[in-house]
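K.L.:
Below is the file upload.csv, with CSV, C-alpha atoms.
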```
chain,number,residue,atom,x,y,z
O,86,MET,CA,-16.7,-12.0,2.7
O,87,ILE,CA,-14.2,-9.3,1.8
O,88,THR,CA,-10.5,-10.1,1.6
O,89,VAL,CA,-7.5,-8.1,0.3
O,90,ARG,CA,-4.4,-9.8,-1.0
O,91,GLU,CA,-1.1,-8.6,-2.4
O,92,LEU,CA,-0.2,-9.6,-5.9
O,93,GLY,CA,3.1,-10.4,-7.4
O,94,PRO,CA,4.3,-10.9,-11.0
O,95,ASP,CA,2.8,-14.4,-11.2
O,96,ASP,CA,-0.7,-12.8,-10.6
O,97,TRP,CA,-0.4,-10.7,-13.8
O,98,GLU,CA,-3.6,-12.0,-15.3
O,99,THR,CA,-5.7,-10.9,-12.3
O,100,TRP,CA,-4.1,-7.5,-12.3
O,101,ARG,CA,-4.5,-7.2,-16.1
O,102,ASP,CA,-8.2,-8.1,-16.1
O,103,LEU,CA,-9.0,-5.6,-13.3
O,104,ARG,CA,-6.8,-2.8,-14.7
O,105,LEU,CA,-8.4,-3.1,-18.2
O,106,ALA,CA,-11.8,-3.1,-16.7
O,107,ALA,CA,-11.0,0.0,-14.6
O,108,LEU,CA,-9.6,1.9,-17.6
O,109,ALA,CA,-12.6,1.0,-19.7
O,110,GLU,CA,-15.2,1.8,-17.0
O,111,ALA,CA,-13.5,5.0,-15.7
O,112,PRO,CA,-11.3,6.4,-18.5
O,113,ASP,CA,-10.9,9.8,-17.0
O,114,ALA,CA,-9.9,8.7,-13.5
O,115,PHE,CA,-6.4,7.5,-14.3
O,116,HIS,CA,-3.2,8.7,-15.9
O,117,SER,CA,-3.1,5.6,-18.1
O,118,ARG,CA,-5.5,5.1,-20.9
O,119,LEU,CA,-7.1,1.8,-22.1
O,120,THR,CA,-5.2,2.1,-25.4
O,121,ASP,CA,-1.9,2.3,-23.5
O,122,TRP,CA,-2.5,-1.2,-22.1
O,123,LEU,CA,-4.7,-3.1,-24.6
O,124,GLY,CA,-1.8,-4.5,-26.6
O,125,ALA,CA,0.4,-5.2,-23.6
O,126,GLY,CA,1.7,-8.8,-23.3
O,127,GLU,CA,2.6,-10.9,-20.3
O,128,ARG,CA,6.0,-9.4,-19.9
O,129,GLU,CA,4.7,-5.8,-19.6
O,130,TRP,CA,2.1,-6.9,-17.0
O,131,ARG,CA,4.7,-8.9,-15.0
O,132,ASP,CA,7.0,-5.9,-15.1
O,133,ARG,CA,4.2,-3.6,-13.8
O,134,LEU,CA,3.7,-5.9,-10.8
O,135,ALA,CA,7.5,-5.9,-10.2
O,136,ALA,CA,7.7,-2.1,-10.1
O,137,PRO,CA,8.0,-0.3,-6.7
O,138,GLY,CA,4.9,-0.5,-4.6
O,139,ARG,CA,2.4,-3.0,-3.4
O,140,TYR,CA,-0.3,-4.1,-5.8
O,141,LEU,CA,-3.4,-5.1,-3.9
O,142,VAL,CA,-6.7,-6.7,-5.0
O,143,VAL,CA,-9.9,-6.9,-3.0
O,144,GLU,CA,-12.0,-10.0,-3.4
O,145,VAL,CA,-15.7,-10.1,-2.6
O,146,GLY,CA,-17.1,-13.5,-2.2
O,147,GLY,CA,-13.8,-15.0,-3.6
O,148,ARG,CA,-14.1,-12.9,-6.8
O,149,PRO,CA,-11.6,-10.1,-7.7
O,150,ALA,CA,-13.6,-6.9,-7.4
O,151,GLY,CA,-11.1,-4.0,-7.2
O,152,GLN,CA,-7.5,-2.9,-7.0
O,153,VAL,CA,-5.1,-0.3,-5.7
O,154,VAL,CA,-1.4,0.5,-5.6
O,155,ALA,CA,0.4,1.5,-2.4
O,156,VAL,CA,3.6,3.4,-3.2
O,157,PRO,CA,6.3,3.7,-0.5
O,158,PRO,CA,7.6,7.2,0.6
O,159,ASP,CA,10.6,8.7,-1.1
O,160,GLY,CA,12.2,9.7,2.1
O,161,ASP,CA,9.7,12.5,2.7
O,162,GLY,CA,7.4,10.4,4.9
O,163,VAL,CA,4.6,10.5,2.4
O,164,ALA,CA,3.3,7.3,0.9
O,165,ASP,CA,0.9,7.4,-2.0
O,166,LEU,CA,-2.4,5.6,-2.8
O,167,ILE,CA,-2.9,5.3,-6.6
O,168,ALA,CA,-5.2,3.7,-9.1
O,169,LEU,CA,-8.0,2.6,-6.7
O,170,TRP,CA,-10.9,1.2,-8.5
O,171,VAL,CA,-13.8,-1.1,-7.4
O,172,ALA,CA,-16.0,-2.8,-9.9
O,173,PRO,CA,-19.6,-1.5,-10.1
O,174,HIS,CA,-21.0,-4.7,-8.6
O,175,ALA,CA,-18.9,-4.3,-5.4
O,176,ARG,CA,-19.5,-0.5,-4.9
O,177,GLY,CA,-21.4,0.7,-1.9
O,178,GLY,CA,-20.1,-2.0,0.4
O,179,ASP,CA,-16.8,-2.2,2.3
O,180,ALA,CA,-14.5,-3.2,-0.7
O,181,ALA,CA,-13.0,0.3,-1.2
O,182,THR,CA,-12.6,0.9,2.5
O,183,ALA,CA,-10.8,-2.5,2.8
O,184,LEU,CA,-8.4,-1.4,0.0
O,185,VAL,CA,-7.7,2.0,1.8
O,186,ASP,CA,-7.1,0.2,5.1
O,187,ALA,CA,-4.7,-2.2,3.4
O,188,VAL,CA,-2.7,0.8,1.9
O,189,LEU,CA,-2.7,2.5,5.3
O,190,ASP,CA,-1.2,-0.8,6.8
O,191,ARG,CA,1.5,-0.8,4.2
O,192,ALA,CA,2.3,2.9,4.7
O,193,ALA,CA,2.5,2.3,8.5
O,194,GLY,CA,4.9,-0.6,7.9
O,195,TRP,CA,7.1,1.7,5.8
O,196,GLY,CA,7.2,4.3,8.5
O,197,ALA,CA,5.2,6.8,6.5
O,198,ARG,CA,3.6,9.7,8.4
O,199,THR,CA,1.1,10.7,5.7
O,200,LEU,CA,-0.8,8.9,3.0
O,201,ALA,CA,-1.6,11.1,-0.1
O,202,LEU,CA,-3.7,10.6,-3.2
O,203,HIS,CA,-5.2,12.5,-6.1
O,204,VAL,CA,-8.8,12.7,-7.3
O,205,VAL,CA,-9.8,14.0,-10.7
O,206,ILE,CA,-11.9,17.2,-10.4
O,207,GLY,CA,-15.5,16.2,-10.9
O,208,ASN,CA,-15.2,12.7,-9.4
O,209,ASP,CA,-17.3,13.9,-6.4
O,210,ARG,CA,-18.2,10.4,-5.2
O,211,ALA,CA,-14.6,9.4,-4.8
O,212,ALA,CA,-13.7,12.7,-3.1
O,213,ALA,CA,-16.6,12.4,-0.7
O,214,PHE,CA,-15.5,8.8,0.1
O,215,TYR,CA,-12.0,9.8,0.9
O,216,ARG,CA,-13.2,12.7,3.1
O,217,ARG,CA,-15.3,10.2,5.1
O,218,LEU,CA,-12.1,8.2,5.6
O,219,GLY,CA,-10.3,11.3,7.1
O,220,PHE,CA,-8.6,12.6,4.0
O,221,VAL,CA,-8.3,16.4,3.7
O,222,ASP,CA,-8.3,18.5,0.5
O,223,ARG,CA,-4.9,20.1,0.0
O,224,GLY,CA,-5.4,22.0,-3.3
O,225,VAL,CA,-5.7,21.5,-7.0
O,226,VAL,CA,-2.9,19.9,-9.1
O,227,GLU,CA,-2.6,20.1,-12.9
O,228,ARG,CA,-1.6,16.9,-14.5
O,229,PRO,CA,0.7,17.0,-17.6
O,230,ASP,CA,-2.2,15.9,-19.7
O,231,GLY,CA,-4.2,19.0,-18.7
O,232,ILE,CA,-6.6,17.2,-16.3
O,233,SER,CA,-7.0,18.9,-12.9
O,234,GLU,CA,-7.0,16.8,-9.7
O,235,THR,CA,-7.4,17.5,-6.0
O,236,ARG,CA,-4.6,16.4,-3.8
O,237,MET,CA,-5.8,14.8,-0.6
O,238,ASP,CA,-3.9,13.4,2.4
O,239,ARG,CA,-4.4,12.0,5.9
O,240,PRO,CA,-2.1,10.9,8.7
O,241,VAL,CA,-1.0,7.2,8.8
O,242,GLY,CA,-1.2,5.3,12.0
O,243,ARG,CA,-4.8,5.6,13.0
O,244,PRO,CA,-7.5,3.5,11.4
O,245,ALA,CA,-9.8,4.9,8.8
O,246,PRO,CA,-13.2,5.9,10.0
O,247,ARG,CA,-15.9,3.4,9.0
O,248,CYS,CA,-18.2,4.7,6.3
```
Could you quickly redo this structure as structure tokens?

P.N.:
Amino acid sequence: MITVRELGPDDWETWRDLRLAALAEAPDAFHSRLTDWLGAGEREWRDRLAAPGRYLVVEVGGRPAGQVVAVPPDGDGVADLIALWVAPHARGGDAATALVDAVLDRAAGWGARTLALHVVIGNDRAAAFYRRLGFVDRGVVERPDGISETRMDRPVGRPAPRC
């Protein structure tokens, strides 16, 4: 069984454990680095979960197996999906799609017209996954740290195609 739930500051240990696993397993996929968060204490993790956005976890069989952040629009009608990661044991099923669906639901609730995200160049599996869900490539963006990403987006308000 796959479920998605929203986390709050009291769920900081769940978020911490997944985020550290994500940063260790896929170090080039995120803006943050594992070393940025290894020494973080409870206060930093609670503060992260209190920041703007919705912090979502997917559970597979009752076990946390992935995470994503849904960021509300800044008045431009574009919500963002950031930091999606699914543990290797849960990949290939519907866990990632469930997270994207949950972000689309949040974006629709905020009145967003578009959901945008970035994929690091070379992460072909992730880019192909997002394309299957209706995201369209919008061009390359250079991060301040010199890593290139493809910006992708799709309309909000219609369900993601099933993979």

K.L.:
Rank O:Pro240, O:Pro137, O:Ile87, O:Pro149 by their smallest atom-to-atom distance to Ala183 (chain O), using only C-alpha atoms, and report the top residue only.

P.N.:
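Distance minimum relative to Ala183 (chain O) lands on O:Ile87.
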
K.L.:
Using all atoms listed in the file, tabulate the residues of region 109-212 of chain O lying at most 9 Å from any atom of region 216-222 of chain O, each with its closest atom pair and that distance in Å to one decimal, by chain and increasing residue number, as JSON lines.

P.N.:
```
{"residue": "O:Thr182", "atom": "CA", "partner": "O:Leu218", "partner_atom": "CA", "distance": 7.9}
{"residue": "O:Val185", "atom": "CA", "partner": "O:Leu218", "partner_atom": "CA", "distance": 8.5}
{"residue": "O:Leu200", "atom": "CA", "partner": "O:Phe220", "partner_atom": "CA", "distance": 8.7}
{"residue": "O:Ala201", "atom": "CA", "partner": "O:Phe220", "partner_atom": "CA", "distance": 8.2}
{"residue": "O:Leu202", "atom": "CA", "partner": "O:Phe220", "partner_atom": "CA", "distance": 8.9}
{"residue": "O:Ala211", "atom": "CA", "partner": "O:Arg216", "partner_atom": "CA", "distance": 8.7}
{"residue": "O:Ala212", "atom": "CA", "partner": "O:Arg216", "partner_atom": "CA", "distance": 6.2}
```

K.L.:
O:Val143, O:Ala187, O:Ile232, O:Leu92: which is nearest Val171 (chain O), counting all atoms listed in the file?

P.N.:
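Among the listed residues, the smallest separation from Val171 (chain O) belongs to O:Val143.
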
K.L.:
Would you mind listing what lies within 10 Å of Ile167 (chain O) as a ChimeraX atom specification, with all atoms listed in the file counted and same-chain residues fewer than 4 positions away left out?

P.N.:
/O:115-116,138,140,152-156,188,201-204

K.L.:
For Ala168 (chain O), which of O:Trp100, O:Phe214, O:Trp130, O:Trp195 is the closest residue, counting only C-alpha atoms?

P.N.:
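The closest residue to Ala168 (chain O) is O:Trp100.
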